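Pasting work_29.csv here (CSV, C-alpha atoms):
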chain,number,residue,atom,x,y,z
Y,504,MET,CA,78.3,153.2,81.4
Y,505,SER,CA,81.5,154.9,80.3
Y,506,TYR,CA,84.7,154.1,82.0
Y,507,ALA,CA,87.7,156.2,82.7
Y,508,ARG,CA,91.0,155.2,81.2
Y,509,THR,CA,92.5,154.2,84.6
Y,510,GLY,CA,91.7,154.7,88.3
Y,511,LEU,CA,88.4,155.1,90.1
Y,512,VAL,CA,85.1,155.1,88.3
Y,513,ASP,CA,83.2,158.1,89.4
Y,514,GLY,CA,80.1,157.3,91.6
Y,515,THR,CA,80.6,153.6,91.9
Y,516,GLY,CA,83.5,153.0,94.3
Y,517,ALA,CA,85.0,150.7,91.6
Y,518,GLU,CA,88.4,150.9,90.0
Y,519,LEU,CA,89.8,150.0,86.6
Y,520,ASP,CA,92.9,148.0,86.3
Y,521,ALA,CA,93.8,148.3,90.0
Y,522,VAL,CA,97.2,146.9,90.6
Y,523,GLU,CA,96.3,145.5,94.0
Y,524,VAL,CA,93.7,143.0,92.6
Y,525,PRO,CA,94.8,139.5,93.8
Y,526,GLY,CA,96.5,137.3,91.1
Y,527,LYS,CA,93.9,134.5,91.2
Y,528,LEU,CA,91.1,137.0,90.7
Y,529,GLN,CA,92.9,138.6,87.8
Y,530,ALA,CA,93.4,135.2,86.2
Y,531,LEU,CA,89.7,134.5,86.6
Y,532,VAL,CA,88.8,137.9,84.9
Y,533,ARG,CA,91.2,137.1,82.0
Y,534,GLN,CA,89.1,134.0,81.4
Y,535,GLY,CA,86.1,136.2,81.0
Y,536,ARG,CA,84.6,135.3,84.4
Y,537,GLN,CA,83.8,137.3,87.5
Y,538,GLY,CA,84.4,136.4,91.2
Y,539,THR,CA,85.3,137.4,94.7
Y,540,GLN,CA,88.3,136.8,97.0
Y,541,TYR,CA,89.2,137.5,100.6
Y,542,THR,CA,92.6,138.9,101.3
Y,543,ASP,CA,94.4,139.8,104.5
Y,544,GLY,CA,97.4,141.9,103.5
Y,545,PRO,CA,99.3,144.9,104.9
Y,546,GLY,CA,96.2,147.0,104.4
Y,547,GLY,CA,94.1,144.8,106.6
Y,548,PRO,CA,91.4,142.2,105.8
Y,549,ALA,CA,89.4,143.0,102.7
Y,550,MET,CA,86.9,141.4,100.3
Y,551,TRP,CA,87.7,141.9,96.5
Y,552,ALA,CA,85.2,141.6,93.7
Y,553,ALA,CA,86.2,141.8,90.0
Y,554,ARG,CA,84.7,141.3,86.6
Y,555,PRO,CA,85.7,141.9,82.9
Y,556,ALA,CA,85.1,145.4,81.5
Y,557,GLY,CA,85.8,144.8,77.8
Y,558,THR,CA,89.5,144.1,77.8
Y,559,ARG,CA,90.0,145.6,81.1
Y,560,THR,CA,89.4,144.6,84.8
Y,561,LEU,CA,86.8,146.4,86.9
Y,562,SER,CA,87.3,145.7,90.6
Y,563,VAL,CA,86.0,146.8,94.0
Y,564,ARG,CA,87.8,146.5,97.3
Y,565,HIS,CA,85.7,146.5,100.6
Y,566,SER,CA,87.8,146.8,103.7
Y,567,LEU,CA,86.7,144.5,106.6
Y,568,SER,CA,88.8,146.2,109.3
Y,569,THR,CA,85.9,148.1,110.7
Y,570,THR,CA,83.6,145.0,110.7
Y,571,PHE,CA,86.2,142.8,112.4
Y,572,GLY,CA,86.9,145.6,114.9
Y,573,ASP,CA,83.1,145.8,115.7
Y,574,LEU,CA,83.0,142.0,116.0
Y,575,GLU,CA,85.9,141.9,118.4
Y,576,ALA,CA,84.4,144.7,120.5
Y,577,PHE,CA,81.1,142.8,120.5
Y,578,ASN,CA,82.9,139.6,121.6
Y,579,LYS,CA,84.6,141.5,124.4
Y,580,SER,CA,81.3,142.9,125.5
Y,581,ILE,CA,79.7,139.5,125.6
Y,582,LEU,CA,82.7,138.1,127.6
Y,583,ARG,CA,82.5,141.0,130.1
Y,584,ALA,CA,78.8,140.5,130.4
Y,585,GLY,CA,79.2,136.7,130.9
Y,586,LEU,CA,81.9,137.2,133.6
Y,587,LEU,CA,79.8,139.8,135.3
Y,588,THR,CA,76.8,137.5,135.2
Y,589,ILE,CA,78.8,134.6,136.7
Y,590,ILE,CA,80.3,136.8,139.4
Y,591,VAL,CA,76.9,138.2,140.4
Y,592,VAL,CA,74.7,135.1,139.8
Y,593,LEU,CA,76.9,132.1,140.7
Y,594,PRO,CA,77.4,132.7,144.4
Y,595,PRO,CA,73.7,132.9,145.2
Y,596,VAL,CA,73.0,129.9,142.9
Y,597,TRP,CA,75.8,127.9,144.6
Y,598,LEU,CA,74.4,128.8,148.0
Y,599,VAL,CA,70.9,127.8,147.1
Y,600,ALA,CA,72.0,124.6,145.4
Y,601,GLY,CA,74.2,123.7,148.4
Y,602,GLU,CA,71.3,124.3,150.8
Y,603,MET,CA,69.0,122.1,148.7
Y,604,SER,CA,71.7,119.4,148.5
Y,605,ARG,CA,72.2,119.5,152.3
Y,606,ARG,CA,68.4,119.2,153.0
Y,607,LEU,CA,68.1,116.3,150.5
Y,608,ARG,CA,71.1,114.5,152.2
Y,609,THR,CA,69.4,115.1,155.6
Y,610,ALA,CA,66.1,113.7,154.3
Y,611,ALA,CA,67.9,110.7,152.8
Y,612,GLY,CA,69.9,110.0,155.9
Y,613,THR,CA,66.8,110.2,158.1
Y,614,ALA,CA,64.9,107.8,155.7
Y,615,ARG,CA,67.7,105.3,156.0
Y,616,ARG,CA,67.6,105.5,159.8
Y,617,ILE,CA,63.9,104.9,159.7
Y,618,ALA,CA,64.4,101.9,157.4
Y,619,ALA,CA,67.0,100.6,159.8
Y,620,GLY,CA,64.4,100.6,162.7
Y,621,ASP,CA,64.9,104.0,164.3
Y,622,LEU,CA,61.3,105.2,164.1
Y,623,ASP,CA,62.1,108.1,166.4
Y,624,ALA,CA,64.1,109.8,163.7
Y,625,ARG,CA,62.5,112.9,162.2
Y,626,ILE,CA,63.6,115.4,159.6
Y,627,SER,CA,61.6,118.2,161.3
Y,628,ALA,CA,61.7,120.5,158.2
Y,629,LYS,CA,59.7,123.8,158.5
Y,630,PRO,CA,56.8,123.9,156.0
Y,631,ARG,CA,57.4,126.5,153.3
Y,632,PRO,CA,55.1,127.4,150.4
Y,633,PHE,CA,56.1,126.0,147.0
Y,634,ASP,CA,58.9,124.0,148.6
Y,635,GLU,CA,58.9,120.4,147.3
Y,636,ILE,CA,61.8,119.4,149.6
Y,637,ALA,CA,59.8,120.5,152.7
Y,638,GLU,CA,56.8,118.5,151.3
Y,639,ILE,CA,58.9,115.4,150.9
Y,640,SER,CA,60.4,115.9,154.4
Y,641,GLY,CA,56.9,116.3,155.9
Y,642,ALA,CA,55.7,113.1,154.1
Y,643,VAL,CA,58.7,111.1,155.5
Y,644,ASP,CA,58.1,112.4,159.0
Y,645,SER,CA,54.4,111.5,158.7
Y,646,MET,CA,55.2,108.1,157.4
Y,647,ALA,CA,57.6,107.4,160.3
Y,648,ALA,CA,55.0,108.6,162.9
Y,649,SER,CA,52.4,106.4,161.4
Y,650,LEU,CA,54.7,103.4,161.4
Y,651,GLN,CA,55.8,104.1,164.9
Y,652,THR,CA,52.2,104.3,166.1
Y,653,ARG,CA,51.2,101.1,164.5
Y,654,LEU,CA,54.3,99.3,165.7
Y,655,ARG,CA,53.9,100.4,169.3
Y,656,SER,CA,50.2,99.4,169.1
Y,657,GLU,CA,51.3,95.9,167.9
Y,658,GLN,CA,54.0,95.7,170.6
Y,659,ARG,CA,51.5,96.7,173.4
Y,660,PHE,CA,49.0,94.1,172.0
Y,661,THR,CA,51.7,91.4,172.1
Y,662,ALA,CA,52.8,92.3,175.6
Y,663,ASP,CA,49.2,92.5,176.8
Y,664,VAL,CA,48.2,89.2,175.3
Y,665,ALA,CA,51.3,87.5,176.8
Y,666,HIS,CA,50.6,89.0,180.3
Y,667,GLU,CA,46.9,88.0,180.1
Y,668,LEU,CA,47.8,84.4,179.1
Y,669,ARG,CA,50.1,84.0,182.1
Y,670,THR,CA,47.2,83.6,184.6
Y,671,PRO,CA,45.2,80.9,182.8
Y,672,LEU,CA,48.5,79.1,182.0
Y,673,MET,CA,49.3,78.9,185.7
Y,674,GLY,CA,45.9,77.3,186.1
Y,675,LEU,CA,46.6,74.8,183.3
Y,676,VAL,CA,50.0,73.9,184.8
Y,677,THR,CA,48.3,73.2,188.1
Y,678,ALA,CA,45.5,71.2,186.5
Y,679,ALA,CA,48.1,69.2,184.5
Y,680,GLU,CA,49.9,68.3,187.6
Y,681,LEU,CA,46.7,66.8,189.0
Y,682,LEU,CA,46.1,64.5,186.0
Y,683,PRO,CA,46.8,60.8,186.6
Y,684,ASP,CA,50.0,59.4,185.1
Y,685,GLY,CA,49.6,58.2,181.6
Y,686,GLU,CA,49.8,59.1,177.9
Y,687,VAL,CA,47.2,61.9,178.2
Y,688,GLU,CA,48.9,63.4,181.2
Y,689,ARG,CA,52.3,63.4,179.3
Y,690,TYR,CA,50.7,65.0,176.2
Y,691,VAL,CA,48.9,67.7,178.2
Y,692,ARG,CA,52.1,68.6,180.1
Y,693,ASP,CA,54.1,68.8,176.9
Y,694,ARG,CA,51.6,71.1,175.3
Y,695,VAL,CA,51.3,73.3,178.4
Y,696,HIS,CA,55.1,73.5,178.6
Y,697,ALA,CA,55.2,74.6,174.9
Y,698,LEU,CA,52.6,77.2,175.5
Y,699,CYS,CA,54.4,78.6,178.5
Y,700,ALA,CA,57.6,78.8,176.5
Y,701,LEU,CA,55.8,80.7,173.7
Y,702,VAL,CA,54.3,83.2,176.2
Y,703,GLU,CA,57.8,83.7,177.8
Y,704,ASP,CA,59.2,84.3,174.3
Y,705,LEU,CA,56.5,86.8,173.5
Y,706,LEU,CA,57.2,88.7,176.8
Y,707,GLU,CA,60.9,88.7,176.0
Y,708,ILE,CA,60.3,90.1,172.5
Y,709,SER,CA,58.0,92.8,173.9
Y,710,ARG,CA,60.8,93.9,176.2
Y,711,LEU,CA,63.4,93.9,173.4
Y,712,ASP,CA,61.0,95.9,171.2
Y,713,ALA,CA,60.5,98.4,174.0
Y,714,GLY,CA,64.2,98.9,174.4
Y,715,VAL,CA,64.2,98.3,178.1
Y,716,GLU,CA,66.7,95.5,178.1
Y,717,ARG,CA,70.2,96.5,179.4
Y,718,ALA,CA,73.3,94.4,179.3
Y,719,ASP,CA,75.5,93.7,182.3
Y,720,PRO,CA,78.9,93.0,180.7
Y,721,GLN,CA,81.8,91.3,182.5
Y,722,HIS,CA,84.9,89.4,181.7
Y,723,CYS,CA,84.2,85.7,181.1
Y,724,ALA,CA,85.9,82.7,179.7
Y,725,LEU,CA,83.9,81.6,176.6
Y,726,VAL,CA,84.7,77.8,176.4
Y,727,PRO,CA,83.4,76.9,179.9
Y,728,LEU,CA,80.4,79.2,179.5
Y,729,LEU,CA,79.4,77.6,176.2
Y,730,GLU,CA,79.9,74.1,177.4
Y,731,GLU,CA,77.5,74.8,180.3
Y,732,THR,CA,75.1,76.3,177.9
Y,733,VAL,CA,75.0,73.3,175.6
Y,734,GLU,CA,74.7,71.0,178.6
Y,735,ARG,CA,71.7,73.0,179.9
Y,736,VAL,CA,70.0,73.0,176.5
Y,737,ALA,CA,70.1,69.2,176.6
Y,738,VAL,CA,70.3,68.7,172.8
Y,739,PRO,CA,73.2,66.9,171.0
Y,740,ALA,CA,75.9,69.5,170.3
Y,741,THR,CA,79.6,69.7,170.4
Y,742,VAL,CA,81.7,72.7,171.5
Y,743,LEU,CA,84.9,73.1,169.5
Y,744,VAL,CA,87.8,75.5,169.7
Y,745,GLY,CA,89.6,76.9,166.6
Y,746,ALA,CA,92.7,75.1,165.6
Y,747,THR,CA,94.9,78.1,166.2
Y,748,THR,CA,93.2,79.2,169.3
Y,749,ASP,CA,94.1,78.5,172.9
Y,750,PRO,CA,90.9,77.8,175.0
Y,751,ALA,CA,92.4,79.7,177.9
Y,752,ASP,CA,92.9,82.8,175.7
Y,753,VAL,CA,89.3,83.0,174.5
Y,754,ARG,CA,87.7,85.5,176.8
Y,755,ALA,CA,84.9,88.0,176.1
Y,756,TRP,CA,83.5,91.2,177.6
Y,757,THR,CA,79.8,90.5,177.5
Y,758,ASP,CA,76.7,89.7,179.5
Y,759,PRO,CA,77.0,85.9,180.2
Y,760,ARG,CA,73.2,85.4,180.7
Y,761,ARG,CA,72.3,87.0,177.4
Y,762,LEU,CA,75.1,85.2,175.5
Y,763,GLU,CA,73.8,81.9,176.9
Y,764,ARG,CA,70.3,82.9,175.6
Y,765,ILE,CA,71.7,83.6,172.1
Y,766,VAL,CA,73.7,80.4,171.8
Y,767,ALA,CA,71.0,78.3,173.3
Y,768,ASN,CA,68.4,79.6,170.8
Y,769,LEU,CA,70.9,79.0,167.9
Y,770,VAL,CA,71.6,75.5,169.0
Y,771,VAL,CA,67.9,74.6,169.5
Y,772,ASN,CA,67.1,76.1,166.1
Y,773,ALA,CA,69.9,74.1,164.5
Y,774,HIS,CA,68.8,70.9,166.2
Y,775,ARG,CA,65.1,71.5,165.3
Y,776,HIS,CA,65.4,72.6,161.7
Y,777,GLY,CA,68.8,71.2,160.6
Y,778,ARG,CA,70.5,67.8,160.8
Y,779,PRO,CA,73.2,66.6,163.2
Y,780,PRO,CA,76.0,67.0,164.0
Y,781,VAL,CA,75.5,70.4,165.5
Y,782,THR,CA,78.8,72.1,166.4
Y,783,VAL,CA,79.5,75.3,168.4
Y,784,THR,CA,82.9,76.7,167.5
Y,785,VAL,CA,84.8,79.3,169.6
Y,786,GLY,CA,87.5,81.3,168.0
Y,787,VAL,CA,89.1,84.7,167.5
Y,788,ASP,CA,88.7,86.7,164.3
Y,789,ALA,CA,92.1,86.9,162.6
Y,790,GLY,CA,91.4,90.3,161.1
Y,791,THR,CA,89.8,92.2,164.1
Y,792,GLY,CA,90.9,90.1,167.0
Y,793,VAL,CA,87.4,89.9,168.4
Y,794,PRO,CA,86.1,86.7,169.9
Y,795,THR,CA,83.6,84.8,167.8
Y,796,VAL,CA,81.1,82.0,168.3
Y,797,SER,CA,79.6,80.0,165.4
Y,798,VAL,CA,76.8,77.5,165.4
Y,799,ARG,CA,76.5,75.1,162.5
Y,800,ASP,CA,74.3,72.2,161.5
Y,801,ARG,CA,74.4,69.8,158.5
Y,802,GLY,CA,70.9,70.4,157.2
Y,803,PRO,CA,69.5,72.1,154.1
Y,804,GLY,CA,70.7,75.5,155.3
Y,805,PHE,CA,68.9,78.8,156.0
Y,806,PRO,CA,66.2,79.7,153.4
Y,807,THR,CA,66.8,82.6,151.0
Y,808,GLY,CA,64.2,84.8,152.6
Y,809,LEU,CA,65.9,84.6,156.0
Y,810,LEU,CA,69.3,85.4,154.5
Y,811,ASP,CA,67.9,88.4,152.6
Y,812,ASP,CA,65.5,89.9,155.2
Y,813,GLY,CA,66.7,88.4,158.5
Y,814,PRO,CA,64.6,86.3,160.9
Y,815,GLN,CA,61.0,87.2,161.0
Y,816,ARG,CA,58.7,86.4,164.0
Y,817,PHE,CA,56.1,83.7,163.3
Y,818,ARG,CA,57.8,82.8,160.0
Y,819,THR,CA,60.1,79.9,159.7
Y,820,GLY,CA,60.9,80.2,156.0
Y,821,ALA,CA,61.6,77.0,154.0
Y,822,ARG,CA,59.2,74.1,154.7
Y,823,GLU,CA,62.1,71.6,154.7
Y,824,ARG,CA,63.5,73.3,157.8
Y,825,GLY,CA,60.6,72.1,159.9
Y,826,LYS,CA,57.9,73.9,161.9
Y,827,GLY,CA,58.1,76.5,164.6
Y,828,HIS,CA,56.9,80.0,165.5
Y,829,GLY,CA,60.1,81.7,164.4
Y,830,LEU,CA,60.8,83.5,167.6
Y,831,GLY,CA,64.1,81.9,168.6
Y,832,LEU,CA,66.2,83.6,166.0
Y,833,THR,CA,64.4,86.9,166.5
Y,834,ILE,CA,65.2,86.8,170.2
Y,835,ALA,CA,68.8,85.8,169.5
Y,836,LEU,CA,69.2,88.8,167.1
Y,837,GLY,CA,67.6,91.1,169.7
Y,838,GLN,CA,69.8,89.9,172.5
Y,839,ALA,CA,72.9,90.2,170.3
Y,840,HIS,CA,71.9,93.9,169.7
Y,841,VAL,CA,71.6,94.4,173.5
Y,842,VAL,CA,75.1,93.1,174.2
Y,843,GLY,CA,76.6,94.9,171.2
Y,844,ALA,CA,77.4,91.8,169.3
Y,845,THR,CA,76.9,91.2,165.5
Y,846,LEU,CA,74.8,88.1,164.6
Y,847,THR,CA,74.9,87.1,160.9
Y,848,PHE,CA,73.3,84.1,159.1
Y,849,GLY,CA,74.7,82.2,156.2
Y,850,ASN,CA,75.1,78.8,154.7
Y,851,ALA,CA,78.4,76.9,154.8
Y,852,PRO,CA,80.0,76.1,151.4
Y,853,ASP,CA,79.8,72.4,152.0
Y,854,GLY,CA,76.2,72.6,153.2
Y,855,GLY,CA,74.4,73.4,156.4
Y,856,ALA,CA,73.2,76.5,158.2
Y,857,LEU,CA,75.9,78.7,159.8
Y,858,ALA,CA,75.2,81.4,162.4
Y,859,LEU,CA,78.1,83.6,163.5
Y,860,VAL,CA,78.2,85.8,166.6
Y,861,GLN,CA,81.0,88.4,166.7
Y,862,LEU,CA,81.3,89.7,170.2
Y,863,PRO,CA,82.6,93.2,171.2
Y,864,PRO,CA,86.3,93.6,171.7
Y,865,VAL,CA,87.6,92.9,175.1
Y,866,PRO,CA,88.6,96.1,176.9
Y,867,PRO,CA,91.9,96.2,178.7
Y,868,ALA,CA,91.7,95.1,182.3
Y,869,GLU,CA,92.0,97.9,184.8
Y,870,PRO,CA,95.2,97.9,186.9
Y,871,THR,CA,94.7,96.8,190.5
Y,872,HIS,CA,96.2,98.8,193.4
Y,873,ASP,CA,97.4,97.2,196.6

Can you present the structure in this file as structure tokens?
Amino acid sequence: MSYARTGLVDGTGAELDAVEVPGKLQALVRQGRQGTQYTDGPGGPAMWAARPAGTRTLSVRHSLSTTFGDLEAFNKSILRAGLLTIIVVLPPVWLVAGEMSRRLRTAAGTARRIAAGDLDARISAKPRPFDEIAEISGAVDSMAASLQTRLRSEQRFTADVAHELRTPLMGLVTAAELLPDGEVERYVRDRVHALCALVEDLLEISRLDAGVERADPQHCALVPLLEETVERVAVPATVLVGATTDPADVRAWTDPRRLERIVANLVVNAHRHGRPPVTVTVGVDAGTGVPTVSVRDRGPGFPTGLLDDGPQRFRTGARERGKGHGLGLTIALGQAHVVGATLTFGNAPDGGALALVQLPPVPPAEPTHD
């Protein structure tokens, strides 16, 4: 190829001895080497290529202004398309996601209510094709209905058995009264009395399960009420009042008969499964101001299963806490629910089982008019 003395080389787009060639690229050519270099000068961005041509420099400059302009236009188009997509797509997606989240929260809340014992709770979601949330909701409702049917069947069975046992038990009581005095007579009467108490407990549990029990709250002084309760139970127990509490100030708004039943069951359970002394302490919660009643023994404490799962009927837990049918604490918990109290079970730091009853707040007394 022949080269012109200076200027452009015809038909190639190259140029000989161009003065605009970057200095570093010129130094590379003087060393007999070829190369490329990017520049961004007054003429805009460009890519230079140069090589030796004898003793001269052959260079090519390719402007990148058009390419960069096209890339910038492309980026703007992508940005506009992305913004348009967000504006058009995001609201429906947000609405759909919000609806799905709401339905899932509803299902989770209903499942928690069922787990807490409210077997009447239902999600009631309408069946939809290809809707997994509706399928889950239907499965939860079906499970709750099945559990409710089984539980009610067991409750009816328990109530029916207890009612059917009443008649023959009355006959046994009469027959025991006719036995001649002696060891056999005392044993038979004791067993008949225990069986009667068990039947009455079963009937009480069936009423609690059915939700027909209603409280009759009234203002009452706690200390005299609990002293009478302990005396009626006829087991060794001591009623104490908190050190900072005035006995005359401890009043409660509750059903006295049901509170007696709760405390009596707790005292009997402490006497039967724990060790003396058994104490019933009356006080007022410092944080909430509500009246409290605690029953404590000095035995091995409540078993872990009872603390984790609560009292279970016909299960007494730890073997070292003695024998029993496990209905006393179940009844106490049910009656506490009826009167709106909170019954919690724990173990004292220095040993012994501790049951705490937190009664509802006392409402202000209504003014009297002469």

- Expressed in Å to a single decimal, how great is the separation between atom CA of Y:Asp573 and atom CA of Y:Ala553?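 One can read the atom CA of Y:Asp573 to atom CA of Y:Ala553 distance as 26.2 Å.
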
Residues near Y:Ile708, cut-off 8 Å, all atoms listed in the file, skip fewer than 6 positions along chain, as a short mmCIF file (atom, residue, chain, number, x, y, z; two decimals) with C-alpha atoms, in the coordinates of the input:
data_model
loop_
_atom_site.label_atom_id
_atom_site.label_comp_id
_atom_site.auth_asym_id
_atom_site.auth_seq_id
_atom_site.Cartn_x
_atom_site.Cartn_y
_atom_site.Cartn_z
CA THR Y 833 64.40 86.90 166.50
CA ILE Y 834 65.20 86.80 170.20
CA GLY Y 837 67.60 91.10 169.70
#

- Might you pull out every residue within 6 Å of stretch 862-864 of chain Y, with only C-alpha atoms counted and same-chain residues fewer than 4 positions away left off, and present them as a list in words? Val793, Pro794, Thr795 and Ala844 of chain Y

- Counting all atoms listed in the file, what is within 12 Å of stretch 671-677 of chain Y, bar same-chain residues fewer than 5 positions away, as a list in words?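 Near neighbours after the sequence-gap exclusion: Val664, Ala665, His666, Leu682, Glu688, Val691, Arg692, Asp693, Arg694, Val695, His696, Ala697, Leu698, Cys699, Ala700, Leu701, Val702 and Glu703 of chain Y.
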
- Between Y:Val599, Y:Ile626, Y:Leu561, Y:Val796, single out the one closest to Y:Leu528, counting only C-alpha atoms.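 Under the stated criterion, the closest residue is Y:Leu561.
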
- In file coordinates, which residues lie within 8 Å of (76.6, 66.0, 157.8) using all atoms listed in the file, given as a VMD selection string? chain Y and resid 778 to 780 800 to 802 855
